[in-house]
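**Q** Quick one: this structure, given as structure tokens, is what I'll be asking you about.
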Amino acid sequence: MLRKFLLVAFLLVATLATALVVVAWNHLRVWDTVVTERFRTHRWSFPSKIYSDATLIYPGLDLKAVGFFDRLRDLGYRQVDDRVQQQGEYRCDADSACDLFLHEPLPGAAKPIRHIRFEVSSGNVSRIADVDSGAEVFSFELEPAVITGLYEGVWEERHLVALPDVPPLLIRAIIDTEDQRFYQHRGVDVVGVLRALWVNATKRRLVQGGSTLTQQLMKNFFLTDARNLRRKLREAVMALIVEHRFSKEEILENYLNEIYLGQRGAQGIYGVWEASRFYFAKAPHELSIAEMALLAGLIRGPNYYSPFRDAERALHRRNIVLTVMREQGDIDQVQYDAAIQERLRLAPIPTKAKDAPYFVDFVRKELADLYPADLLTSEGMLIFTSLDMHLQRLAEQTLQDGLAQLEKRYPRLHADDPADQLQACLIVVQPQTGAIKAMMGGRDYRFTQFNRCTQALRQPGSVFKPFTYLAAFEKTRHSDHPINPATHVEDEPFTWEYEKRSWTPSNYKRHYMGMVSVRQALEHSLNAATARIAYDVGLDSILETARRLGITTPLPSYPSVILGSAEVAPFEVAQAFAALANGGLRAQPLSIKRVLDRSGVPLDRRPVEVEQAVPADTAYLVTHLLEGVLDHGTAAAARRLGFRRPAAGKTGTTNDYRDAWFVGFTPDLLAVVWVGFDQKRPLNLAGGEAALPIWTAFMKEATAGMPQGEFIPPPGVSIVKIDPVSGQLATSGCPESIEESFYSDQAPTVPCALHPGGNDLPTGLVPQA
């Protein structure tokens with residue numbers, strides 16, 4: 001009976017064991033198929049990157065004014081004390097010369113001259129030369145900076161590198177540190193596991209891990225970070241499968257591209273190439289033995305051993321790796337001694353954020369209309385924009401400082417709750433191209449992501465007035481009674497009758513100046529005088545002019561619109577005034593300049609698109625009037641605050657003091673500033689008091705490194721010296737004269753009748769270039 005029972009038990013156990021083996025074998029076959037296929041077809045997700053614009057360096061450029069050295073630090077250039085030999089290095093002698101070895105160009109970029117030497121005099125570039133050939137160079141570009149990435153979940157920043165492109169000593173350093181028996185085991189190292197168990201038991205703490213490189217790779221590719229037996233078993237089985245199906249070289253190459261090696265803000269640093277750039281601003285083949293050892297030492301704890309976090313701890317870890325490399329015979333004693341003595345030379349850490357969040361949101365919305373979301377977050381597209389990071393930082397700093405100063409000067413404006421705080425926006429545009437160079441949509445993106453540049457609709461107030469004067473000059477140009485800058489208009493209370501209703505505009509503080517010139521009416525922002533001109537010209541002509549210039553928000557057809565009662569976005573105001581600054585040519589707004597795929601193949605290129613919105617001569621007449629606004633009109637405070645460059649602009653204040661504006665431009669740069677409360681509470685400040693100081697502070701810094709340009713009269717315009725009272729040619733007898741612009745066929749030819757000046761000839765004609 002016992003023998004029979006034992007036989008049955010044996011058969012039962014054998015059957016169960018066989019079944020288990022069959023089930024296990026089937027599972028293993030399934031795993032083999034799945035793991036092999038997933039490993040073979042594994043694709044990393046590459047976040048698309050949004051870049052700033054490149055920076056052109058040329059003779060005459062003021063390096064300090066354009067933030068040149070801040071730009072170098074942002075781009076990861078490192079300063080050296082001796083000879084510049086490798087990409088990413090620079091050396092500058094005190095105000096005499098700089099040597100700069102440019103980084104490898106981005107995909108799709110032209111191959112530039114790499115090693116540059118430029119001479120410096122009084123802070124300005126005086127001469128540029130190619131170090132290798134000695135030939136003079138007339139300009140070069142600093143590459144664009146990464147502003148941010150577009151990613152899903154976690155930003156994994158990596159640059160794929162082929163195994164032959166990784167220095168053999170770097171590979172040996174990693175193998176010596178992480179898996180010395182890598183070429184002997186078949187995925188799981190039993191000897192290594194036993195050794196780790198013994199060391200950990202004797203030390204009574206976790207000192208060594210038994211995972212091979214292949215196991216680490218399986219965990220990163222397919223599993224979670226959970227620490228349990230089930231995950232370790234799956235990891236081991238997967239490692240055995242992959243080692244059976246793939247070569248050591250394939251596994252190693254994947255590992256070198258996959259391994260996590262640190263953190264840069266939101267960016268995770270993955271792979272040896274990206275880590276090499278992050279820590280040392282070098283390509284892997286440029287690393288020294290000591291630097292290779294440091295990277296290898298990071299794998300066990302990238303943030304714990306980070307040299308940016310604790311340099312002494314990182315050096316101690318590096319030296320341990322160097323010792324292991326010597327013991328394994330990968331370096332000799334001479335190399336070891338030199339590497340141990342090598343001091344830490346890290347890439348510079350950017351000291352300022354580069355995220356430009358309001359601008360990035362604006363770009364994201366444009367991209368969303370062009371590409372699927374999964375393409376943007378996984379295919380590593382390169383998106384080059386118009387943003388100037390130096391101007392962006394200036395915009396952020398001056399806007400925040402300006403609001404703080406307003407609150408200090410007027411404590412009633414202060415609010416503790418961020419939702420109730422005084423707000424502002426600042427947008428900067430290059431008039432000739434429409435390129436958006438900086439954008440601050442609010443005071444602080446952390447508290448409010450609402451972009452007041454593009455999303456807020458606010459009353460522009462007197463900022464709208466120049467459109468009336470444009471329409472007036474253009475419409476009456478060939479009439480019997482043309483309106484020109486010297487035309488006189490009555491500035492007295494005036495009632496506009498329309499659709500059985502009436503509207504009576506009033507001046508600021510109900511102060512009226514009587515008979516004034518068109519120039520005086522705009523310079524001093526006189527409501528009554530402007531309304532009289534608008535009445536004569538007709539509302540439809542003014543609204544059409546505004547639309548042609550770039551005001552796209554529908555405007556109601558009632559008279560108060562001409563004084564800025566209809567709400568528009570600051571972005572539209574910037575477009576319209578940029579057309580004025582560009583001689584009547586309206587450039588389409590440009591934020592994205594070009595888009596490339598990860599290998600540099602162009603996907604989209606945005607050319608500069610312009611159209612003639614208003615005639616160049618008409619645009620100049622109004623620009624010339626707006627120069628007077630800064631020189632002796634409502635924006636004269638800008639001159640008192642130290643802004644000396646030729647510029648034109650217009651203040652804007654709404655009747656209820658809820659919106660304060662200033663829009664102003666030089667020939668090459670335009671900025672719009674709006675200040676107010678989101679809840680539309682009264683500021684009780686005019687545009688010249690609230691917005692103008694912010695604009696002035698920004699433009700003083702922003703234009704400091706630019707060549708000083710003038711507004712050049714186009715063909716068809718004459719600049720004439722006239723008597724401001726009579727509007728006729730000034731004579732030697734006139735107590736005062738001004739330079740005024742006219743259509744050439746309307747320029748005065750008669751000497752001033754009020755001040756004849758004896759037998760003198762008129763002095764009014766100004767020679768034109």
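Residues are named by chain letter and number: chains run A, B, ... in the order of the structure tokens, numbers start at 1 in each chain, and ligands are numbered from 1 in the order shown.
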Check the DSSP output for the backbone and give back, as JSON, numbers by chain, the residues of segment 462-582 of chain A in alpha helix (DSSP H).
**A** {"A": [465, 466, 467, 468, 469, 470, 471, 472, 473, 474, 475, 518, 519, 520, 521, 522, 523, 527, 528, 529, 530, 531, 532, 533, 534, 535, 536, 537, 539, 540, 541, 542, 543, 544, 545, 546, 547, 548, 549, 570, 571, 572, 573, 574, 575, 576, 577, 578, 579, 580, 581]}
**Q** Name the residues of segment 259-320 of chain A that come out as strand (DSSP E or B) in a backbone DSSP run; write them as JSON, numbers by chain.
**A** {"A": [260, 261, 262, 263, 264, 267, 268, 269, 270]}
**Q** I'd like the contact shell of Val672 of chain A - 6 Å cut-off, only C-alpha atoms, skipping same-chain residues fewer than 6 positions apart - returned as a PDB file with all heavy atoms, in the first residue's frame.
**A**
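Contents of result-v1.pdb, freshly written:
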```
ATOM      1  N   LEU A 426       4.443  93.844 -21.578  1.00  0.00           N
ATOM      2  CA  LEU A 426       5.452  94.512 -22.407  1.00  0.00           C
ATOM      3  C   LEU A 426       5.752  93.594 -23.579  1.00  0.00           C
ATOM      4  O   LEU A 426       6.093  92.422 -23.388  1.00  0.00           O
ATOM      5  CB  LEU A 426       6.719  94.772 -21.580  1.00  0.00           C
ATOM      6  CG  LEU A 426       7.756  95.751 -22.128  1.00  0.00           C
ATOM      7  CD1 LEU A 426       8.728  96.167 -21.013  1.00  0.00           C
ATOM      8  CD2 LEU A 426       8.549  95.208 -23.287  1.00  0.00           C
ATOM      9  N   ILE A 427       5.596  94.099 -24.777  1.00  0.00           N
ATOM     10  CA  ILE A 427       5.917  93.321 -25.974  1.00  0.00           C
ATOM     11  C   ILE A 427       6.886  94.134 -26.829  1.00  0.00           C
ATOM     12  O   ILE A 427       6.737  95.351 -26.970  1.00  0.00           O
ATOM     13  CB  ILE A 427       4.655  92.942 -26.775  1.00  0.00           C
ATOM     14  CG1 ILE A 427       5.024  92.063 -27.981  1.00  0.00           C
ATOM     15  CG2 ILE A 427       3.849  94.156 -27.195  1.00  0.00           C
ATOM     16  CD1 ILE A 427       3.835  91.397 -28.628  1.00  0.00           C
ATOM     17  N   PHE A 662       2.028 103.183 -23.042  1.00  0.00           N
ATOM     18  CA  PHE A 662       2.980 103.908 -23.883  1.00  0.00           C
ATOM     19  C   PHE A 662       3.488 102.960 -24.956  1.00  0.00           C
ATOM     20  O   PHE A 662       3.871 101.818 -24.674  1.00  0.00           O
ATOM     21  CB  PHE A 662       4.166 104.482 -23.114  1.00  0.00           C
ATOM     22  CG  PHE A 662       5.011 105.372 -23.996  1.00  0.00           C
ATOM     23  CD1 PHE A 662       4.551 106.630 -24.351  1.00  0.00           C
ATOM     24  CD2 PHE A 662       6.214 104.947 -24.522  1.00  0.00           C
ATOM     25  CE1 PHE A 662       5.280 107.452 -25.202  1.00  0.00           C
ATOM     26  CE2 PHE A 662       6.953 105.754 -25.369  1.00  0.00           C
ATOM     27  CZ  PHE A 662       6.474 107.017 -25.710  1.00  0.00           C
ATOM     28  N   VAL A 663       3.438 103.442 -26.186  1.00  0.00           N
ATOM     29  CA  VAL A 663       4.027 102.709 -27.299  1.00  0.00           C
ATOM     30  C   VAL A 663       5.052 103.636 -27.938  1.00  0.00           C
ATOM     31  O   VAL A 663       4.755 104.794 -28.226  1.00  0.00           O
ATOM     32  CB  VAL A 663       2.967 102.249 -28.329  1.00  0.00           C
ATOM     33  CG1 VAL A 663       2.075 103.389 -28.747  1.00  0.00           C
ATOM     34  CG2 VAL A 663       3.630 101.612 -29.549  1.00  0.00           C
TER      35      VAL A 663
END
```
**Q** Near segment 436-453 of chain A, within 7 Å and counting only C-alpha atoms, which residues show up once chain neighbours fewer than 6 positions away are dropped, as a ChimeraX atom specification?
**A** /A:357-359,386-388,391-392,395-396,400,418,423-430,569-571,589-591
**Q** For the selection you just gave me, I'd like the residues written to a file as a compact mmCIF listing (two decimals), in the first residue's frame, keeping N, CA and C atoms.
**A**
```txt
# COMPACT_ATOMS: atom_id res chain seq x y z
N PRO A 357 8.12 82.21 -20.29
CA PRO A 357 6.90 81.38 -20.35
C PRO A 357 5.77 81.97 -21.17
N TYR A 358 5.57 83.28 -21.14
CA TYR A 358 4.48 83.85 -21.93
C TYR A 358 4.73 83.68 -23.42
N PHE A 359 5.98 83.89 -23.81
CA PHE A 359 6.34 83.71 -25.22
C PHE A 359 6.23 82.24 -25.62
N SER A 386 12.11 83.83 -32.78
CA SER A 386 12.62 85.19 -32.92
C SER A 386 13.09 85.79 -31.61
N LEU A 387 12.92 85.07 -30.50
CA LEU A 387 13.15 85.64 -29.18
C LEU A 387 14.62 85.98 -28.95
N ASP A 388 14.87 87.15 -28.37
CA ASP A 388 16.20 87.56 -27.94
C ASP A 388 16.23 87.42 -26.42
N LEU A 391 17.05 90.63 -24.40
CA LEU A 391 15.93 91.56 -24.34
C LEU A 391 14.80 91.01 -23.47
N GLN A 392 14.60 89.69 -23.51
CA GLN A 392 13.56 89.08 -22.68
C GLN A 392 13.85 89.30 -21.20
N ALA A 395 13.20 92.86 -20.34
CA ALA A 395 11.76 93.10 -20.26
C ALA A 395 11.22 92.63 -18.91
N GLU A 396 11.63 91.45 -18.51
CA GLU A 396 11.16 90.92 -17.22
C GLU A 396 11.60 91.80 -16.06
N GLN A 400 9.01 94.25 -13.80
CA GLN A 400 8.82 93.98 -12.38
C GLN A 400 9.32 95.13 -11.52
N PRO A 418 -2.01 88.14 -4.97
CA PRO A 418 -1.53 88.20 -6.36
C PRO A 418 -2.64 88.40 -7.38
N GLN A 423 -0.95 95.00 -12.59
CA GLN A 423 -0.40 94.19 -13.66
C GLN A 423 0.14 95.06 -14.79
N ALA A 424 0.87 94.41 -15.68
CA ALA A 424 1.41 95.11 -16.85
C ALA A 424 1.75 94.08 -17.90
N CYS A 425 1.95 94.55 -19.11
CA CYS A 425 2.52 93.70 -20.16
C CYS A 425 3.48 94.54 -20.97
N LEU A 426 4.44 93.84 -21.58
CA LEU A 426 5.45 94.51 -22.41
C LEU A 426 5.75 93.59 -23.58
N ILE A 427 5.60 94.10 -24.78
CA ILE A 427 5.92 93.32 -25.97
C ILE A 427 6.89 94.13 -26.83
N VAL A 428 7.90 93.43 -27.35
CA VAL A 428 8.97 94.09 -28.11
C VAL A 428 9.02 93.47 -29.51
N VAL A 429 9.06 94.34 -30.52
CA VAL A 429 8.97 93.89 -31.91
C VAL A 429 10.04 94.59 -32.74
N GLN A 430 10.59 93.86 -33.69
CA GLN A 430 11.48 94.45 -34.69
C GLN A 430 10.61 94.89 -35.86
N ALA A 569 -6.18 94.47 -28.21
CA ALA A 569 -5.08 93.80 -27.51
C ALA A 569 -3.77 94.55 -27.73
N PRO A 570 -2.90 94.61 -26.73
CA PRO A 570 -1.58 95.24 -26.91
C PRO A 570 -0.81 94.69 -28.10
N PHE A 571 -1.00 93.41 -28.39
CA PHE A 571 -0.32 92.78 -29.53
C PHE A 571 -0.72 93.47 -30.84
N PRO A 589 3.38 89.28 -37.96
CA PRO A 589 4.07 88.91 -36.72
C PRO A 589 4.85 87.61 -36.90
N LEU A 590 6.04 87.59 -36.38
CA LEU A 590 6.93 86.44 -36.59
C LEU A 590 7.46 85.97 -35.24
N SER A 591 7.07 84.78 -34.84
CA SER A 591 7.62 84.18 -33.61
C SER A 591 8.42 82.93 -33.95
```
**Q** To one decimal in Å, tell me the separation between atom CA of Glu379 of chain A and atom CA of Asp604 of chain A.
**A**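 Result for atom CA of Glu379 of chain A versus atom CA of Asp604 of chain A: 15.0 Å, one decimal.
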**Q** Report as a ChimeraX atom specification all protein, DNA and RNA residues lying within 6 Å of segment 628-638 of chain A, evaluated on only C-alpha atoms, omitting residues in the same chain fewer than 5 positions from it.
**A** /A:523-524,643,688,696
**Q** Give me the residues within 9 Å of Pro646 of chain A as a ChimeraX atom specification, counting only C-alpha atoms and dropping any in the same chain fewer than 6 places off.
**A** /A:627,665-667,708-711
**Q** Produce a file of the selected residues containing N, CA and C atoms, as an mmCIF file, in the first residue's frame.
**A**
```cif
data_model
loop_
_atom_site.group_PDB
_atom_site.id
_atom_site.type_symbol
_atom_site.label_atom_id
_atom_site.label_comp_id
_atom_site.auth_asym_id
_atom_site.auth_seq_id
_atom_site.Cartn_x
_atom_site.Cartn_y
_atom_site.Cartn_z
ATOM 1 N N GLU A 627 7.688 111.898 -32.976
ATOM 2 C CA GLU A 627 8.988 112.267 -32.394
ATOM 3 C C GLU A 627 8.817 113.453 -31.456
ATOM 4 N N PHE A 665 9.023 103.800 -30.341
ATOM 5 C CA PHE A 665 9.936 103.054 -31.206
ATOM 6 C C PHE A 665 11.095 103.914 -31.667
ATOM 7 N N THR A 666 12.218 103.251 -31.869
ATOM 8 C CA THR A 666 13.345 103.799 -32.606
ATOM 9 C C THR A 666 13.223 103.242 -34.023
ATOM 10 N N PRO A 667 14.121 103.592 -34.938
ATOM 11 C CA PRO A 667 14.027 102.995 -36.275
ATOM 12 C C PRO A 667 14.142 101.475 -36.284
ATOM 13 N N GLN A 708 23.120 103.881 -33.501
ATOM 14 C CA GLN A 708 22.072 104.893 -33.415
ATOM 15 C C GLN A 708 21.569 105.249 -34.808
ATOM 16 N N GLY A 709 20.298 105.027 -35.042
ATOM 17 C CA GLY A 709 19.710 105.313 -36.338
ATOM 18 C C GLY A 709 18.805 106.531 -36.288
ATOM 19 N N GLU A 710 18.540 107.091 -37.447
ATOM 20 C CA GLU A 710 17.635 108.239 -37.581
ATOM 21 C C GLU A 710 16.439 107.809 -38.420
ATOM 22 N N PHE A 711 15.335 108.512 -38.250
ATOM 23 C CA PHE A 711 14.186 108.329 -39.127
ATOM 24 C C PHE A 711 14.449 109.110 -40.415
#
```
**Q** My list of candidates is A:Lys509, A:Lys408, A:Arg78, A:Arg586. Which is closest to Ala613 of chain A when distances are computed with only C-alpha atoms?
**A**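 The closest residue to Ala613 of chain A is A:Arg586.
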**Q** From the set A:Ala290, A:Ala697, A:Ile269, A:Val131, which residue has the shortest atom-to-atom contact distance to Asn303 of chain A, counting only C-alpha atoms?
**A** A:Ile269
**Q** Could you build a table of the residues in segment 239-333 of chain A lying no more than 9 Å from segment 144-166 of chain A, giving for each the nearest pair of atoms and their separation in Å rounded to one decimal place, using only C-alpha atoms, ordered by chain and ascending residue number, as JSON lines?
**A**
```
{"residue": "A:Glu249", "atom": "CA", "partner": "A:Leu163", "partner_atom": "CA", "distance": 7.4}
{"residue": "A:Glu250", "atom": "CA", "partner": "A:Leu163", "partner_atom": "CA", "distance": 8.3}
{"residue": "A:Leu252", "atom": "CA", "partner": "A:Leu163", "partner_atom": "CA", "distance": 7.6}
{"residue": "A:Glu253", "atom": "CA", "partner": "A:Leu163", "partner_atom": "CA", "distance": 5.2}
{"residue": "A:Asn254", "atom": "CA", "partner": "A:Leu163", "partner_atom": "CA", "distance": 8.8}
{"residue": "A:Leu256", "atom": "CA", "partner": "A:Val161", "partner_atom": "CA", "distance": 8.1}
{"residue": "A:Asn257", "atom": "CA", "partner": "A:Leu160", "partner_atom": "CA", "distance": 5.9}
{"residue": "A:Glu258", "atom": "CA", "partner": "A:Arg158", "partner_atom": "CA", "distance": 8.1}
{"residue": "A:Tyr260", "atom": "CA", "partner": "A:Glu156", "partner_atom": "CA", "distance": 8.8}
{"residue": "A:Ala266", "atom": "CA", "partner": "A:Trp155", "partner_atom": "CA", "distance": 6.4}
{"residue": "A:Gln267", "atom": "CA", "partner": "A:Trp155", "partner_atom": "CA", "distance": 5.1}
{"residue": "A:Gly268", "atom": "CA", "partner": "A:Glu156", "partner_atom": "CA", "distance": 4.9}
{"residue": "A:Ile269", "atom": "CA", "partner": "A:Glu157", "partner_atom": "CA", "distance": 5.3}
{"residue": "A:Tyr270", "atom": "CA", "partner": "A:Arg158", "partner_atom": "CA", "distance": 5.0}
{"residue": "A:Gly271", "atom": "CA", "partner": "A:Arg158", "partner_atom": "CA", "distance": 5.9}
{"residue": "A:Val272", "atom": "CA", "partner": "A:Val161", "partner_atom": "CA", "distance": 8.3}
{"residue": "A:Trp273", "atom": "CA", "partner": "A:His159", "partner_atom": "CA", "distance": 6.1}
{"residue": "A:Glu274", "atom": "CA", "partner": "A:Arg158", "partner_atom": "CA", "distance": 5.4}
{"residue": "A:Ala275", "atom": "CA", "partner": "A:Arg158", "partner_atom": "CA", "distance": 8.4}
{"residue": "A:Pro284", "atom": "CA", "partner": "A:Val166", "partner_atom": "CA", "distance": 6.3}
{"residue": "A:His285", "atom": "CA", "partner": "A:Val166", "partner_atom": "CA", "distance": 6.6}
```
**Q** Pick out the closest residue to Phe577 of chain A from this set: A:Gly434, A:Gly687, A:Gly461, A:Pro482. Count only C-alpha atoms.
**A**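 Ranked by minimum distance to Phe577 of chain A, first place goes to A:Gly434.
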**Q** Could you name the residues that touch Ser306 of chain A at 12 Å or less, counting only C-alpha atoms, but leaving out those on the same chain fewer than 6 positions away, as a list in words?
**A**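 Answer for this query is Leu261, Gly262, Gln263, Arg264, Ile269, Ala275, Phe278, Tyr279, Leu294, Leu295, Ala296, Gly297, Leu298, Ile299, Arg300, Glu312, Arg313, Ala314, Leu315, His316, Arg317, Arg318, Leu344 and Leu346 of chain A.
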**Q** Restrict the selected residues to N, CA, C and O atoms and save them as a CSV table (one decimal), in the first residue's frame.
**A**
```csv
chain,number,residue,atom,x,y,z
A,261,LEU,N,22.0,60.6,-15.7
A,261,LEU,CA,23.2,61.1,-15.1
A,261,LEU,C,23.1,62.5,-14.5
A,261,LEU,O,24.1,63.2,-14.2
A,262,GLY,N,21.9,63.0,-14.2
A,262,GLY,CA,21.7,64.2,-13.5
A,262,GLY,C,20.5,65.0,-13.9
A,262,GLY,O,19.6,64.5,-14.7
A,263,GLN,N,20.4,66.2,-13.4
A,263,GLN,CA,19.2,67.0,-13.6
A,263,GLN,C,19.6,68.5,-13.8
A,263,GLN,O,20.4,69.0,-13.1
A,264,ARG,N,18.9,69.1,-14.8
A,264,ARG,CA,19.1,70.5,-15.0
A,264,ARG,C,17.7,71.1,-15.0
A,264,ARG,O,17.1,71.2,-16.1
A,269,ILE,N,19.1,64.6,-17.4
A,269,ILE,CA,20.3,64.4,-18.3
A,269,ILE,C,20.5,62.9,-18.5
A,269,ILE,O,20.8,62.2,-17.5
A,275,ALA,N,25.5,64.1,-20.8
A,275,ALA,CA,26.2,64.4,-19.5
A,275,ALA,C,27.5,65.1,-19.7
A,275,ALA,O,27.9,66.0,-19.0
A,278,PHE,N,26.7,68.6,-20.4
A,278,PHE,CA,26.1,69.3,-19.2
A,278,PHE,C,27.2,69.6,-18.1
A,278,PHE,O,27.3,70.7,-17.6
A,279,TYR,N,28.0,68.7,-17.8
A,279,TYR,CA,29.0,68.9,-16.8
A,279,TYR,C,30.3,69.6,-17.2
A,279,TYR,O,30.9,70.3,-16.4
A,294,LEU,N,34.8,60.8,-13.4
A,294,LEU,CA,33.7,61.5,-12.7
A,294,LEU,C,32.4,61.1,-13.3
A,294,LEU,O,31.4,60.9,-12.5
A,295,LEU,N,32.2,61.1,-14.6
A,295,LEU,CA,30.9,60.7,-15.2
A,295,LEU,C,30.6,59.3,-14.8
A,295,LEU,O,29.4,59.0,-14.4
A,296,ALA,N,31.6,58.4,-14.8
A,296,ALA,CA,31.3,57.0,-14.5
A,296,ALA,C,30.9,56.9,-13.0
A,296,ALA,O,30.0,56.1,-12.6
A,297,GLY,N,31.5,57.7,-12.2
A,297,GLY,CA,31.1,57.7,-10.7
A,297,GLY,C,29.7,58.2,-10.4
A,297,GLY,O,29.2,58.0,-9.4
A,298,LEU,N,29.2,59.0,-11.3
A,298,LEU,CA,27.8,59.6,-11.1
A,298,LEU,C,26.7,58.5,-11.2
A,298,LEU,O,25.6,58.7,-10.6
A,299,ILE,N,26.9,57.4,-11.9
A,299,ILE,CA,25.8,56.5,-12.3
A,299,ILE,C,25.2,56.0,-11.0
A,299,ILE,O,23.9,55.9,-10.9
A,300,ARG,N,25.9,55.7,-9.9
A,300,ARG,CA,25.3,55.2,-8.7
A,300,ARG,C,24.4,56.2,-8.0
A,300,ARG,O,23.5,55.8,-7.3
A,312,GLU,N,33.5,68.4,-3.4
A,312,GLU,CA,34.4,67.6,-2.6
A,312,GLU,C,33.9,66.1,-2.7
A,312,GLU,O,34.7,65.2,-2.9
A,313,ARG,N,32.6,65.9,-2.5
A,313,ARG,CA,32.1,64.5,-2.6
A,313,ARG,C,32.3,64.0,-4.0
A,313,ARG,O,32.6,62.8,-4.2
A,314,ALA,N,32.1,64.8,-5.0
A,314,ALA,CA,32.2,64.3,-6.4
A,314,ALA,C,33.7,64.0,-6.7
A,314,ALA,O,33.9,62.9,-7.4
A,315,LEU,N,34.6,64.7,-6.2
A,315,LEU,CA,36.0,64.4,-6.4
A,315,LEU,C,36.4,63.1,-5.7
A,315,LEU,O,37.2,62.3,-6.2
A,316,HIS,N,35.9,62.9,-4.5
A,316,HIS,CA,36.2,61.7,-3.7
A,316,HIS,C,35.7,60.5,-4.5
A,316,HIS,O,36.4,59.5,-4.7
A,317,ARG,N,34.5,60.6,-5.1
A,317,ARG,CA,33.9,59.5,-5.9
A,317,ARG,C,34.7,59.3,-7.1
A,317,ARG,O,35.0,58.2,-7.5
A,318,ARG,N,35.1,60.4,-7.8
A,318,ARG,CA,36.0,60.3,-9.0
A,318,ARG,C,37.3,59.6,-8.7
A,318,ARG,O,37.7,58.7,-9.5
A,344,LEU,N,38.9,70.3,-10.7
A,344,LEU,CA,37.6,70.2,-11.3
A,344,LEU,C,37.3,71.5,-12.2
A,344,LEU,O,37.5,72.6,-11.7
A,346,LEU,N,34.3,72.7,-14.4
A,346,LEU,CA,33.0,72.4,-14.8
A,346,LEU,C,32.5,73.4,-15.8
A,346,LEU,O,33.0,74.6,-15.8
```
**Q** If you measure from atom CA of Pro682 of chain A to atom CA of Arg658 of chain A, what distance in Å do you get, rounded to one decimal?
**A**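 Computed distance, atom CA of Pro682 of chain A to atom CA of Arg658 of chain A, equals 4.2 Å.
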**Q** Counting only C-alpha atoms, give me one row per residue of segment 536-637 of chain A with an atom at most 9 Å from an atom of segment 501-507 of chain A, showing the shortest contact pair and its distance in Å to one decimal, sorted by chain then residue number, as a Markdown table.
**A**
```
| residue | atom | partner | partner_atom | distance |
| --- | --- | --- | --- | --- |
| A:Pro559 | CA | A:Trp503 | CA | 7.4 |
| A:Ser560 | CA | A:Trp503 | CA | 7.6 |
| A:Leu563 | CA | A:Pro505 | CA | 8.7 |
```
